[in-house]
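Text of the file upload10.cif, holding mmCIF, C-alpha atoms:
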```cif
data_run
#
loop_
_atom_site.label_atom_id
_atom_site.label_comp_id
_atom_site.auth_asym_id
_atom_site.auth_seq_id
_atom_site.Cartn_x
_atom_site.Cartn_y
_atom_site.Cartn_z
CA MET A 1 19.69 -28.77 -10.43
CA GLU A 2 19.60 -27.93 -6.76
CA PRO A 3 21.44 -24.68 -5.96
CA ALA A 4 24.36 -24.53 -3.64
CA ASP A 5 25.37 -21.60 -1.47
CA ALA A 6 27.10 -18.87 -3.41
CA MET A 7 30.10 -17.02 -2.03
CA VAL A 8 30.60 -13.30 -2.69
CA ASP A 9 33.63 -11.83 -0.91
CA GLY A 10 33.44 -14.68 1.58
CA LYS A 11 29.76 -14.11 2.37
CA LYS A 12 26.96 -16.54 1.65
CA GLY A 13 24.18 -15.98 -0.85
CA GLY A 14 22.14 -18.13 -3.21
CA TRP A 15 21.80 -19.03 -6.86
CA THR A 16 19.36 -20.53 -9.33
CA MET A 17 19.36 -21.67 -12.93
CA ILE A 18 17.19 -19.66 -15.33
CA TYR A 19 15.66 -22.48 -17.35
CA ASP A 20 18.64 -24.04 -19.19
CA GLU A 21 19.93 -20.74 -20.54
CA GLY A 22 21.79 -19.06 -17.70
CA PHE A 23 21.91 -18.49 -13.97
CA GLU A 24 21.63 -15.80 -11.33
CA VAL A 25 23.81 -15.48 -8.23
CA ASP A 26 22.85 -13.12 -5.38
CA GLY A 27 24.87 -12.33 -2.29
CA ASP A 28 25.84 -9.43 -0.06
CA GLY A 29 23.78 -6.94 -2.05
CA LEU A 30 25.25 -7.99 -5.42
CA GLU A 31 23.18 -9.65 -8.13
CA PHE A 32 24.89 -11.46 -11.03
CA PHE A 33 23.26 -12.83 -14.19
CA ALA A 34 24.74 -14.34 -17.36
CA PHE A 35 23.72 -16.61 -20.23
CA SER A 36 25.80 -19.70 -20.96
CA LYS A 37 28.32 -19.35 -23.79
CA PHE A 38 27.11 -20.51 -27.21
CA GLN A 39 28.07 -20.35 -30.86
CA LEU A 40 26.15 -20.70 -34.11
CA LEU A 41 27.32 -23.75 -36.05
CA PRO A 42 28.11 -23.65 -39.80
CA ALA A 43 25.26 -24.15 -42.27
CA SER A 44 26.61 -27.60 -43.15
CA MET A 45 25.86 -28.76 -39.60
CA ARG A 46 22.31 -27.41 -39.50
CA SER A 47 19.19 -29.55 -39.61
CA PHE A 48 16.38 -29.70 -42.18
CA ALA A 49 15.44 -26.51 -44.06
CA GLY A 50 18.26 -24.51 -42.54
CA GLN A 51 17.10 -24.76 -38.95
CA THR A 52 19.51 -23.07 -36.59
CA ALA A 53 22.06 -25.27 -34.84
CA ILE A 54 23.82 -23.95 -31.76
CA LYS A 55 26.63 -25.36 -29.68
CA SER A 56 26.46 -24.45 -26.00
CA ASP A 57 29.53 -24.33 -23.80
CA CYS A 58 28.24 -24.70 -20.25
CA SER A 59 31.71 -24.11 -18.77
CA ARG A 60 31.73 -20.43 -19.77
CA THR A 61 29.30 -17.53 -19.85
CA GLU A 62 28.52 -14.79 -22.29
CA VAL A 63 29.30 -11.32 -20.98
CA GLY A 64 26.81 -10.89 -18.15
CA TRP A 65 25.87 -8.05 -15.88
CA TYR A 66 25.82 -7.46 -12.16
CA ARG A 67 23.98 -4.94 -10.03
CA ASP A 68 24.88 -3.36 -6.72
CA ALA A 69 21.42 -3.23 -5.12
CA GLU A 70 22.36 -0.64 -2.51
CA LYS A 71 24.08 1.77 -4.89
CA GLY A 72 21.89 1.02 -7.90
CA GLN A 73 24.99 0.62 -10.08
CA PHE A 74 25.52 -1.89 -12.89
CA GLY A 75 28.62 -3.51 -14.32
CA CYS A 76 29.71 -6.32 -16.66
CA TYR A 77 31.48 -9.61 -15.99
CA TYR A 78 32.04 -13.06 -17.47
CA GLY A 79 32.66 -16.40 -15.81
CA THR A 80 34.47 -19.66 -16.46
CA LYS A 81 34.14 -23.03 -14.79
CA LYS A 82 37.26 -24.55 -13.28
CA PHE A 83 36.35 -28.08 -14.33
CA ALA A 84 34.48 -28.31 -17.64
CA HIS A 85 32.45 -31.42 -18.56
CA GLY A 86 31.49 -31.37 -22.22
CA SER A 87 29.26 -29.22 -24.36
CA TYR A 88 25.78 -29.44 -25.82
CA VAL A 89 24.50 -29.07 -29.36
CA ALA A 90 21.01 -27.64 -29.81
CA ALA A 91 18.79 -27.41 -32.89
CA GLU A 92 15.79 -25.09 -33.14
CA LYS A 93 12.49 -26.74 -32.22
CA SER A 94 8.80 -25.87 -32.27
CA MET A 95 6.53 -25.97 -29.23
CA LEU A 96 3.84 -27.74 -31.23
CA GLN A 97 5.74 -29.97 -33.65
CA THR A 98 9.37 -30.83 -34.31
CA PRO A 99 10.37 -29.78 -37.86
CA LYS A 100 11.13 -33.25 -39.21
CA SER A 101 9.39 -32.85 -42.55
CA ARG A 102 8.27 -30.22 -45.02
CA SER A 103 4.72 -30.47 -43.61
CA TYR A 104 6.01 -28.33 -40.77
CA TYR A 105 6.08 -25.40 -43.22
CA ALA A 106 2.91 -26.29 -45.15
CA ALA A 107 -0.36 -24.40 -44.62
CA LEU A 108 -2.97 -26.32 -42.62
CA SER A 109 -6.36 -26.64 -44.31
CA ARG A 110 -9.59 -26.78 -42.33
CA LYS A 111 -10.05 -30.36 -43.53
CA GLU A 112 -6.64 -31.40 -42.18
CA MET A 113 -7.34 -29.68 -38.89
CA GLN A 114 -10.74 -31.37 -38.62
CA VAL A 115 -9.05 -34.76 -39.01
CA ASP A 116 -6.78 -33.92 -36.08
CA VAL A 117 -9.72 -32.72 -33.99
CA ASP A 118 -11.82 -35.82 -34.73
CA GLU A 119 -8.91 -38.05 -33.74
CA VAL A 120 -8.41 -36.19 -30.43
CA ASN A 121 -12.11 -36.34 -29.54
CA HIS A 122 -12.31 -40.03 -30.48
CA ARG A 123 -9.41 -41.27 -28.37
CA GLN A 124 -10.33 -39.59 -25.07
CA SER A 125 -13.21 -37.91 -23.22
CA ASP A 126 -11.43 -35.69 -20.67
CA TRP A 127 -11.51 -32.65 -22.91
CA THR A 128 -12.99 -31.51 -26.21
CA ALA A 129 -11.15 -30.21 -29.26
CA LYS A 130 -12.47 -28.02 -32.07
CA VAL A 131 -11.16 -26.20 -35.15
CA TYR A 132 -10.45 -22.47 -34.78
CA SER A 133 -10.76 -20.35 -37.93
CA ARG A 134 -7.83 -18.20 -36.80
CA PHE A 135 -5.45 -21.15 -37.32
CA GLU A 136 -6.62 -22.01 -40.85
CA GLY A 137 -4.02 -21.47 -43.56
CA LYS A 138 -1.16 -21.25 -41.09
CA SER A 139 1.72 -23.68 -40.95
CA MET A 140 2.99 -25.28 -37.75
CA HIS A 141 6.05 -23.06 -38.18
CA GLN A 142 3.83 -19.96 -38.09
CA LEU A 143 1.79 -21.30 -35.18
CA ASN A 144 4.98 -21.63 -33.19
CA THR A 145 5.04 -17.82 -32.89
CA PHE A 146 2.23 -18.22 -30.38
CA ALA A 147 4.83 -19.67 -28.03
CA GLY A 148 6.95 -17.19 -26.12
CA LEU A 149 10.12 -19.16 -26.64
CA GLN A 150 11.35 -20.86 -29.80
CA ARG A 151 12.96 -23.77 -28.02
CA SER A 152 15.80 -26.01 -29.08
CA THR A 153 16.16 -29.76 -29.04
CA LEU A 154 18.99 -30.49 -26.64
CA GLU A 155 21.40 -33.28 -27.50
CA PRO A 156 24.20 -33.62 -24.92
CA SER A 157 27.52 -34.85 -26.20
CA HIS A 158 28.26 -36.27 -22.74
CA ARG A 159 25.13 -37.34 -20.86
CA MET A 160 25.18 -37.39 -17.10
CA ALA A 161 25.22 -40.92 -15.65
CA ALA A 162 22.38 -40.15 -13.26
CA VAL A 163 19.86 -37.34 -12.76
CA GLN A 164 20.15 -35.56 -9.45
CA LYS A 165 17.19 -36.47 -7.24
CA HIS A 166 15.00 -33.87 -5.57
CA THR A 167 12.46 -33.94 -2.78
CA ARG A 168 9.26 -33.10 -4.65
CA GLU A 169 6.89 -32.67 -1.74
CA LEU A 170 6.91 -30.87 1.58
CA ARG A 171 8.67 -32.68 4.40
CA GLY A 172 6.92 -35.84 5.42
CA ARG A 173 3.70 -37.38 4.16
CA ASN A 174 1.80 -36.30 7.25
CA MET A 175 2.73 -32.66 6.72
CA ALA A 176 1.73 -32.85 3.05
CA ALA A 177 -1.59 -34.51 3.91
CA THR A 178 -2.33 -31.90 6.57
CA LEU A 179 -1.54 -29.06 4.19
CA ARG A 180 -3.65 -30.57 1.40
CA ALA A 181 -6.61 -30.95 3.76
CA SER A 182 -6.38 -27.27 4.68
CA PHE A 183 -7.08 -26.14 1.10
CA PRO A 184 -10.61 -25.68 -0.24
CA LYS A 185 -11.71 -28.00 -3.03
CA SER A 186 -11.58 -25.09 -5.46
CA TRP A 187 -10.02 -21.64 -5.73
CA ASP A 188 -10.39 -19.17 -8.58
CA TRP A 189 -9.12 -15.57 -8.68
CA ARG A 190 -11.84 -14.79 -11.23
CA SER A 191 -14.20 -14.80 -8.27
CA VAL A 192 -12.77 -14.20 -4.80
CA ASN A 193 -14.88 -12.18 -2.37
CA GLY A 194 -17.26 -11.52 -5.22
CA SER A 195 -14.67 -9.89 -7.51
CA SER A 196 -12.28 -10.80 -10.31
CA TRP A 197 -8.67 -9.81 -9.59
CA LEU A 198 -7.48 -10.53 -13.12
CA THR A 199 -7.03 -8.43 -16.23
CA GLU A 200 -9.26 -9.04 -19.24
CA GLY A 201 -8.39 -11.58 -21.89
CA ILE A 202 -5.96 -10.61 -24.63
CA ASP A 203 -4.98 -12.00 -28.03
CA GLN A 204 -1.22 -11.88 -28.39
CA GLY A 205 -1.49 -12.29 -32.15
CA ASP A 206 1.58 -13.39 -34.09
CA CYS A 207 3.88 -11.85 -31.48
CA GLY A 208 5.72 -14.31 -29.22
CA SER A 209 4.89 -12.20 -26.17
CA CYS A 210 3.22 -14.74 -23.87
CA TYR A 211 6.17 -14.56 -21.47
CA VAL A 212 5.62 -10.79 -20.98
CA ILE A 213 1.83 -10.94 -20.91
CA SER A 214 1.73 -13.66 -18.26
CA THR A 215 4.36 -11.94 -16.10
CA MET A 216 2.66 -8.54 -16.16
CA ARG A 217 -0.69 -10.17 -15.47
CA MET A 218 0.88 -11.90 -12.48
CA LEU A 219 2.35 -8.65 -11.17
CA THR A 220 -0.96 -6.84 -11.67
CA ALA A 221 -3.04 -9.47 -9.91
CA ARG A 222 -0.67 -9.87 -6.97
CA HIS A 223 -0.43 -6.09 -6.61
CA ARG A 224 -4.24 -5.90 -6.45
CA VAL A 225 -4.34 -8.68 -3.87
CA ALA A 226 -1.71 -6.93 -1.74
CA LYS A 227 -3.68 -3.67 -1.99
CA ARG A 228 -6.95 -5.53 -1.35
CA ASP A 229 -8.44 -3.69 -4.30
CA PRO A 230 -9.42 -5.59 -7.49
CA LYS A 231 -9.88 -2.31 -9.39
CA VAL A 232 -6.26 -1.08 -9.15
CA GLU A 233 -5.02 -0.14 -12.62
CA ALA A 234 -3.22 -2.90 -14.49
CA PHE A 235 0.46 -2.62 -15.41
CA SER A 236 1.67 -1.94 -18.95
CA THR A 237 2.70 -4.96 -21.00
CA ASP A 238 4.05 -2.79 -23.81
CA PHE A 239 6.70 -1.18 -21.62
CA PRO A 240 8.76 -4.34 -20.91
CA LEU A 241 7.85 -5.89 -24.28
CA HIS A 242 9.38 -3.06 -26.32
CA CYS A 243 11.84 -1.52 -23.86
CA SER A 244 13.52 -4.43 -22.08
CA GLU A 245 17.05 -5.35 -23.10
CA TYR A 246 16.86 -8.64 -21.18
CA ASN A 247 14.57 -10.44 -23.68
CA GLN A 248 13.81 -10.41 -27.41
CA GLY A 249 10.45 -8.66 -27.65
CA CYS A 250 8.07 -10.46 -30.00
CA LYS A 251 10.73 -13.08 -30.69
CA GLY A 252 10.39 -14.54 -27.20
CA GLY A 253 11.99 -14.52 -23.80
CA TYR A 254 11.79 -15.63 -20.19
CA PRO A 255 9.32 -14.65 -17.44
CA PHE A 256 12.17 -14.67 -14.90
CA LEU A 257 14.03 -12.02 -16.90
CA VAL A 258 10.86 -9.92 -17.28
CA ALA A 259 10.55 -9.91 -13.48
CA LYS A 260 14.26 -9.15 -13.13
CA TRP A 261 14.00 -6.22 -15.56
CA THR A 262 10.99 -4.78 -13.75
CA LYS A 263 13.00 -4.94 -10.55
CA ASP A 264 16.09 -3.33 -12.08
CA VAL A 265 14.19 -0.73 -14.16
CA GLY A 266 10.58 -0.42 -13.07
CA ILE A 267 6.91 -0.85 -13.95
CA LEU A 268 4.43 1.60 -15.46
CA PRO A 269 0.61 1.57 -15.37
CA GLU A 270 -1.30 0.42 -18.43
CA SER A 271 -2.23 4.01 -19.31
CA CYS A 272 1.43 4.46 -20.30
CA GLY A 273 1.13 1.88 -23.06
CA SER A 274 -1.57 -0.64 -23.95
CA TYR A 275 -0.71 -3.82 -25.86
CA ASP A 276 0.48 -2.90 -29.36
CA THR A 277 2.68 -5.28 -31.35
CA ASP A 278 3.07 -2.79 -34.21
CA LEU A 279 5.39 -0.54 -32.19
CA GLN A 280 8.94 -0.48 -33.51
CA SER A 281 10.60 1.33 -30.60
CA CYS A 282 10.42 1.90 -26.88
CA SER A 283 7.95 4.65 -26.01
CA VAL A 284 5.33 5.67 -23.46
CA THR A 285 2.00 7.46 -23.84
CA CYS A 286 1.72 9.10 -20.43
CA ASP A 287 3.23 11.97 -18.49
CA MET A 288 6.00 10.27 -16.53
CA ALA A 289 5.99 13.06 -13.97
CA GLN A 290 2.34 12.41 -13.12
CA VAL A 291 2.10 8.60 -12.88
CA ASN A 292 2.95 6.30 -10.01
CA LYS A 293 5.94 4.08 -10.75
CA TYR A 294 6.57 0.65 -9.28
CA LYS A 295 9.12 -2.13 -9.31
CA ALA A 296 9.10 -5.87 -8.73
CA THR A 297 10.85 -7.24 -5.68
CA SER A 298 11.32 -10.64 -4.05
CA PHE A 299 10.82 -12.35 -7.41
CA GLY A 300 11.82 -15.91 -8.14
CA TYR A 301 10.66 -19.50 -8.52
CA VAL A 302 8.27 -21.05 -6.02
CA GLY A 303 10.41 -22.93 -3.53
CA GLY A 304 13.32 -20.50 -3.94
CA TYR A 305 15.04 -21.87 -7.04
CA TYR A 306 14.41 -23.47 -10.41
CA GLY A 307 12.85 -26.91 -9.98
CA ALA A 308 11.81 -26.54 -6.32
CA GLY A 309 8.08 -25.98 -6.81
CA THR A 310 5.42 -28.60 -6.00
CA GLU A 311 1.67 -28.87 -6.44
CA LEU A 312 1.08 -28.03 -2.77
CA SER A 313 3.54 -25.14 -2.58
CA MET A 314 1.97 -23.69 -5.73
CA MET A 315 -1.52 -23.98 -4.23
CA GLN A 316 -0.40 -22.29 -1.03
CA GLU A 317 1.29 -19.41 -2.87
CA LEU A 318 -1.68 -19.05 -5.21
CA GLN A 319 -4.25 -18.83 -2.43
CA GLU A 320 -2.26 -16.57 -0.11
CA LYS A 321 -0.76 -14.03 -2.53
CA GLY A 322 -2.30 -14.40 -5.96
CA PRO A 323 -1.71 -15.87 -9.45
CA LEU A 324 1.57 -17.41 -10.64
CA VAL A 325 3.31 -17.55 -14.01
CA VAL A 326 3.62 -21.13 -15.24
CA SER A 327 5.09 -22.50 -18.45
CA LEU A 328 4.32 -25.64 -20.41
CA GLU A 329 5.01 -27.54 -23.60
CA PRO A 330 1.76 -29.16 -24.67
CA GLY A 331 1.22 -31.39 -27.65
CA LYS A 332 0.13 -30.19 -31.08
CA GLU A 333 -3.51 -30.84 -30.16
CA PHE A 334 -3.45 -28.10 -27.52
CA MET A 335 -4.30 -25.44 -30.10
CA TYR A 336 -7.64 -27.23 -30.68
CA TYR A 337 -8.62 -27.19 -26.99
CA SER A 338 -12.26 -26.18 -26.50
CA LYS A 339 -13.35 -27.33 -23.04
CA GLY A 340 -12.72 -29.91 -20.33
CA VAL A 341 -9.59 -30.94 -18.43
CA TYR A 342 -6.67 -31.04 -20.84
CA LYS A 343 -4.38 -34.03 -20.54
CA SER A 344 -1.29 -34.59 -22.63
CA SER A 345 1.85 -36.17 -21.24
CA PRO A 346 2.94 -36.03 -17.59
CA VAL A 347 6.57 -34.91 -17.42
CA LYS A 348 8.98 -36.59 -15.03
CA HIS A 349 10.59 -34.12 -12.67
CA SER A 350 14.31 -33.88 -13.36
CA GLU A 351 17.00 -31.24 -13.33
CA TRP A 352 15.47 -29.63 -16.43
CA VAL A 353 12.01 -29.78 -18.02
CA ARG A 354 11.37 -28.43 -21.52
CA VAL A 355 8.66 -25.74 -21.73
CA ASP A 356 7.83 -23.10 -24.35
CA HIS A 357 4.56 -21.29 -23.64
CA SER A 358 3.95 -19.10 -20.57
CA VAL A 359 0.49 -18.57 -19.08
CA LEU A 360 -1.16 -17.38 -15.85
CA LEU A 361 -2.19 -19.87 -13.17
CA VAL A 362 -5.30 -18.46 -11.45
CA GLY A 363 -6.88 -21.32 -9.54
CA TRP A 364 -7.64 -24.99 -9.06
CA GLY A 365 -10.61 -27.32 -8.75
CA GLU A 366 -11.79 -30.89 -9.01
CA GLU A 367 -14.74 -32.76 -10.45
CA ALA A 368 -16.06 -36.29 -10.67
CA LYS A 369 -15.80 -37.97 -14.07
CA ALA A 370 -19.24 -38.83 -15.43
CA GLU A 371 -18.17 -42.30 -16.62
CA THR A 372 -16.46 -43.59 -13.49
CA GLY A 373 -17.08 -41.09 -10.70
CA ALA A 374 -13.33 -40.80 -10.19
CA ILE A 375 -12.16 -37.41 -8.87
CA GLU A 376 -10.25 -35.40 -11.45
CA LYS A 377 -8.02 -32.59 -10.15
CA TYR A 378 -7.16 -29.63 -12.37
CA TRP A 379 -5.50 -26.23 -12.57
CA ILE A 380 -7.36 -23.19 -13.95
CA VAL A 381 -5.16 -21.21 -16.34
CA GLN A 382 -5.56 -18.00 -18.36
CA ASN A 383 -4.11 -18.17 -21.88
CA SER A 384 -3.32 -15.25 -24.22
CA TRP A 385 -4.94 -16.50 -27.43
CA GLY A 386 -8.14 -14.44 -27.19
CA THR A 387 -11.43 -15.00 -25.37
CA ASP A 388 -12.87 -17.07 -28.24
CA TRP A 389 -10.29 -19.78 -27.56
CA GLY A 390 -10.90 -22.49 -24.96
CA GLU A 391 -13.21 -21.72 -22.05
CA ASP A 392 -13.53 -17.95 -22.62
CA GLY A 393 -9.75 -17.63 -22.95
CA PHE A 394 -9.00 -20.05 -20.09
CA PHE A 395 -8.23 -23.74 -19.96
CA ARG A 396 -8.15 -26.45 -17.33
CA ILE A 397 -5.28 -28.93 -17.15
CA ASP A 398 -4.51 -32.02 -15.09
CA ARG A 399 -3.14 -31.06 -11.63
CA GLY A 400 -0.47 -32.81 -9.60
CA GLU A 401 1.03 -34.73 -12.55
CA ASN A 402 3.20 -31.98 -14.05
CA ASP A 403 1.25 -32.36 -17.28
CA SER A 404 3.19 -30.75 -20.15
CA GLY A 405 5.70 -29.45 -17.58
CA ILE A 406 3.25 -26.96 -16.08
CA GLU A 407 4.52 -27.50 -12.51
CA ALA A 408 8.20 -27.32 -13.43
CA GLU A 409 8.98 -23.60 -12.96
CA PRO A 410 6.24 -21.49 -11.33
CA LEU A 411 7.32 -17.85 -11.00
CA ILE A 412 6.18 -15.27 -8.43
CA ALA A 413 7.02 -11.67 -7.53
CA GLU A 414 5.87 -8.84 -5.31
CA VAL A 415 5.37 -5.18 -6.25
CA VAL A 416 6.31 -2.01 -4.35
CA GLU A 417 5.95 1.66 -5.22
CA ASP A 418 9.23 3.20 -6.34
CA SER A 419 9.19 6.76 -7.67
CA ASP A 420 12.93 6.76 -8.40
CA SER A 421 13.11 3.49 -10.35
CA PHE A 422 13.51 5.20 -13.76
CA ASP A 423 12.77 8.41 -15.63
CA LEU A 424 11.78 9.58 -19.11
CA PRO A 425 15.34 10.01 -20.49
CA TYR A 426 15.95 6.32 -19.78
CA VAL A 427 12.95 5.36 -21.89
CA GLN A 428 13.88 7.68 -24.74
CA GLN A 429 17.38 6.28 -25.11
CA LEU A 430 16.14 2.70 -25.55
CA ASP A 431 15.27 3.09 -29.22
CA PHE A 432 15.66 -0.24 -31.02
#
```

Would you mind writing the file out in structure tokens?
Amino acid sequence: MEPADAMVDGKKGGWTMIYDEGFEVDGDGLEFFAFSKFQLLPASMRSFAGQTAIKSDCSRTEVGWYRDAEKGQFGCYYGTKKFAHGSYVAAEKSMLQTPKSRSYYAALSRKEMQVDVDEVNHRQSDWTAKVYSRFEGKSMHQLNTFAGLQRSTLEPSHRMAAVQKHTRELRGRNMAATLRASFPKSWDWRSVNGSSWLTEGIDQGDCGSCYVISTMRMLTARHRVAKRDPKVEAFSTDFPLHCSEYNQGCKGGYPFLVAKWTKDVGILPESCGSYDTDLQSCSVTCDMAQVNKYKATSFGYVGGYYGAGTELSMMQELQEKGPLVVSLEPGKEFMYYSKGVYKSSPVKHSEWVRVDHSVLLVGWGEEAKAETGAIEKYWIVQNSWGTDWGEDGFFRIDRGENDSGIEAEPLIAEVVEDSDSFDLPYVQQLDF
């Protein structure tokens, strides 16, 4: 959905959708955000095994909040659409498998998993699958906690007659070809100028925190790049995970709203809180008076709004300023990934692309396939499922085809020092 100009007190601004959940409008120093209105449907209308069913009303918002950037003041608001066009009914869905049968809740044995792996390795040679012991005995329902967002299956009651078309590449084929030729064949922030600019691998465990981990990794890496120092201390993931009101902690959330919260509230160094999913409240482990505080700024989707990113614009942003947050919805076989260039299902660009799992895009490359010699382009991505998964915690995925939706909503942000962004009393009062 391409954004139009927003009007605030007669002055122009801009707006973007936040996935399919809400939108942000900025103009004249005012920033507005709200989720679309929704209601939980009665149990009689829910799907198999009591899965949640929700009816969305896209003509109204929940109570949202706005911020006066100059004054640093917040307020509440709600919105209504003058001309409403139907509503949508959503049912809870897994990233890895839609809950159509009871097998979705059944524990997976190693034998069953090996059957899946053998089938994947038999039907294609682009990448290799293997069984991971950590997944044994878990159901697909439990494995869905590894996704940062427990997505819904969207069924519109009134479908649009046509999907709005977008220009998916930079202006003109000649310009795109010139830009592509200017890039090196490979780029990898694990080794630029002889150094890695990334944080070490992490296992998110059963916490649906990938959206926070990937965003804080992005902010850390881009801050290091801006400072031209790969050893700058990483930022705390725990702080936004357990203190942010904009998302749902271990129950999932949105990278865009993590970036928005770190702009509105602030960022702390990792020494103020390392990754700990056992915490039950917002807290810090450092002397707030002695640490440097930061905030995110100029955050948003590559291209300026949701759906505007392209392969080339992502490559340019990645090379010039550092890693990006990307999200995807791979097939069930993704959890078995061991090595190679992952290929699932290219996703057609449209006004909305379903994604569930957020990860960190750190580079790109290409290689010739042994069988045919054909050039295979790929992205290099850091996952949050531990260093024993995939290629030392990373995976490669088909580039330029929007495989699994990975090119649908790349997120970026910049970091600045901000000693007045928040203080200890603010942290203490956010006790969940």

- Message: At a cut-off of 12 Å, using all atoms listed in the file, what residues contact Ser125 (chain A)? Leave out same-chain residues fewer than 3 positions from it and give the result as a ChimeraX atom specification.
- Response: /A:118-122,128-129,339-343,369-372

- May I ask which of the residues A:Asn292, A:Gln280, A:Gln124, A:Ser59 is the closest one to Thr80 (chain A), counting all atoms listed in the file?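 Counting all atoms listed in the file, the residue closest to Thr80 (chain A) is A:Ser59.
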
- Message: So the first atom is CA of Gln114 (chain A) and the second is CA of Ile397 (chain A); what is the distance between them in Å, to one decimal place?
- Response: 22.3 Å

- Query: Hey, can you check how far CA of Gln142 (chain A) sits from CA of Ser209 (chain A)?
  - Reply: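 Distance reported for this atom pair: 14.3 Å.
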
- Task: Run the PyMOL selection byres ((chain A and resi 251-265) around 9) mentally over the shown coordinates, then write out the matched residues as a ChimeraX atom specification, using the chain letters and numbers from the document.
- Result: /A:18-19,67,69,72,145,147-150,207-212,214-216,219,240-241,244-250,266-267,294-301,325-327,358,411-413,415,421-422

- Task: On this file, the PyMOL selection byres ((chain A and resi 61) around 9) gives some set of residues; write that set as a ChimeraX atom specification.
- Result: /A:22,34-38,57-60,62-64,78-81

Hey, can you spit out that residue selection with C-alpha atoms as a PDB file, in the frame of the given file?
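As written to disk, out.pdb reads:
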```
ATOM      1  CA  GLY A  22      21.790 -19.060 -17.700  1.00  0.00           C
ATOM      2  CA  ALA A  34      24.740 -14.340 -17.360  1.00  0.00           C
ATOM      3  CA  PHE A  35      23.720 -16.610 -20.230  1.00  0.00           C
ATOM      4  CA  SER A  36      25.800 -19.700 -20.960  1.00  0.00           C
ATOM      5  CA  LYS A  37      28.320 -19.350 -23.790  1.00  0.00           C
ATOM      6  CA  PHE A  38      27.110 -20.510 -27.210  1.00  0.00           C
ATOM      7  CA  ASP A  57      29.530 -24.330 -23.800  1.00  0.00           C
ATOM      8  CA  CYS A  58      28.240 -24.700 -20.250  1.00  0.00           C
ATOM      9  CA  SER A  59      31.710 -24.110 -18.770  1.00  0.00           C
ATOM     10  CA  ARG A  60      31.730 -20.430 -19.770  1.00  0.00           C
ATOM     11  CA  GLU A  62      28.520 -14.790 -22.290  1.00  0.00           C
ATOM     12  CA  VAL A  63      29.300 -11.320 -20.980  1.00  0.00           C
ATOM     13  CA  GLY A  64      26.810 -10.890 -18.150  1.00  0.00           C
ATOM     14  CA  TYR A  78      32.040 -13.060 -17.470  1.00  0.00           C
ATOM     15  CA  GLY A  79      32.660 -16.400 -15.810  1.00  0.00           C
ATOM     16  CA  THR A  80      34.470 -19.660 -16.460  1.00  0.00           C
ATOM     17  CA  LYS A  81      34.140 -23.030 -14.790  1.00  0.00           C
TER      18      LYS A  81
END
```
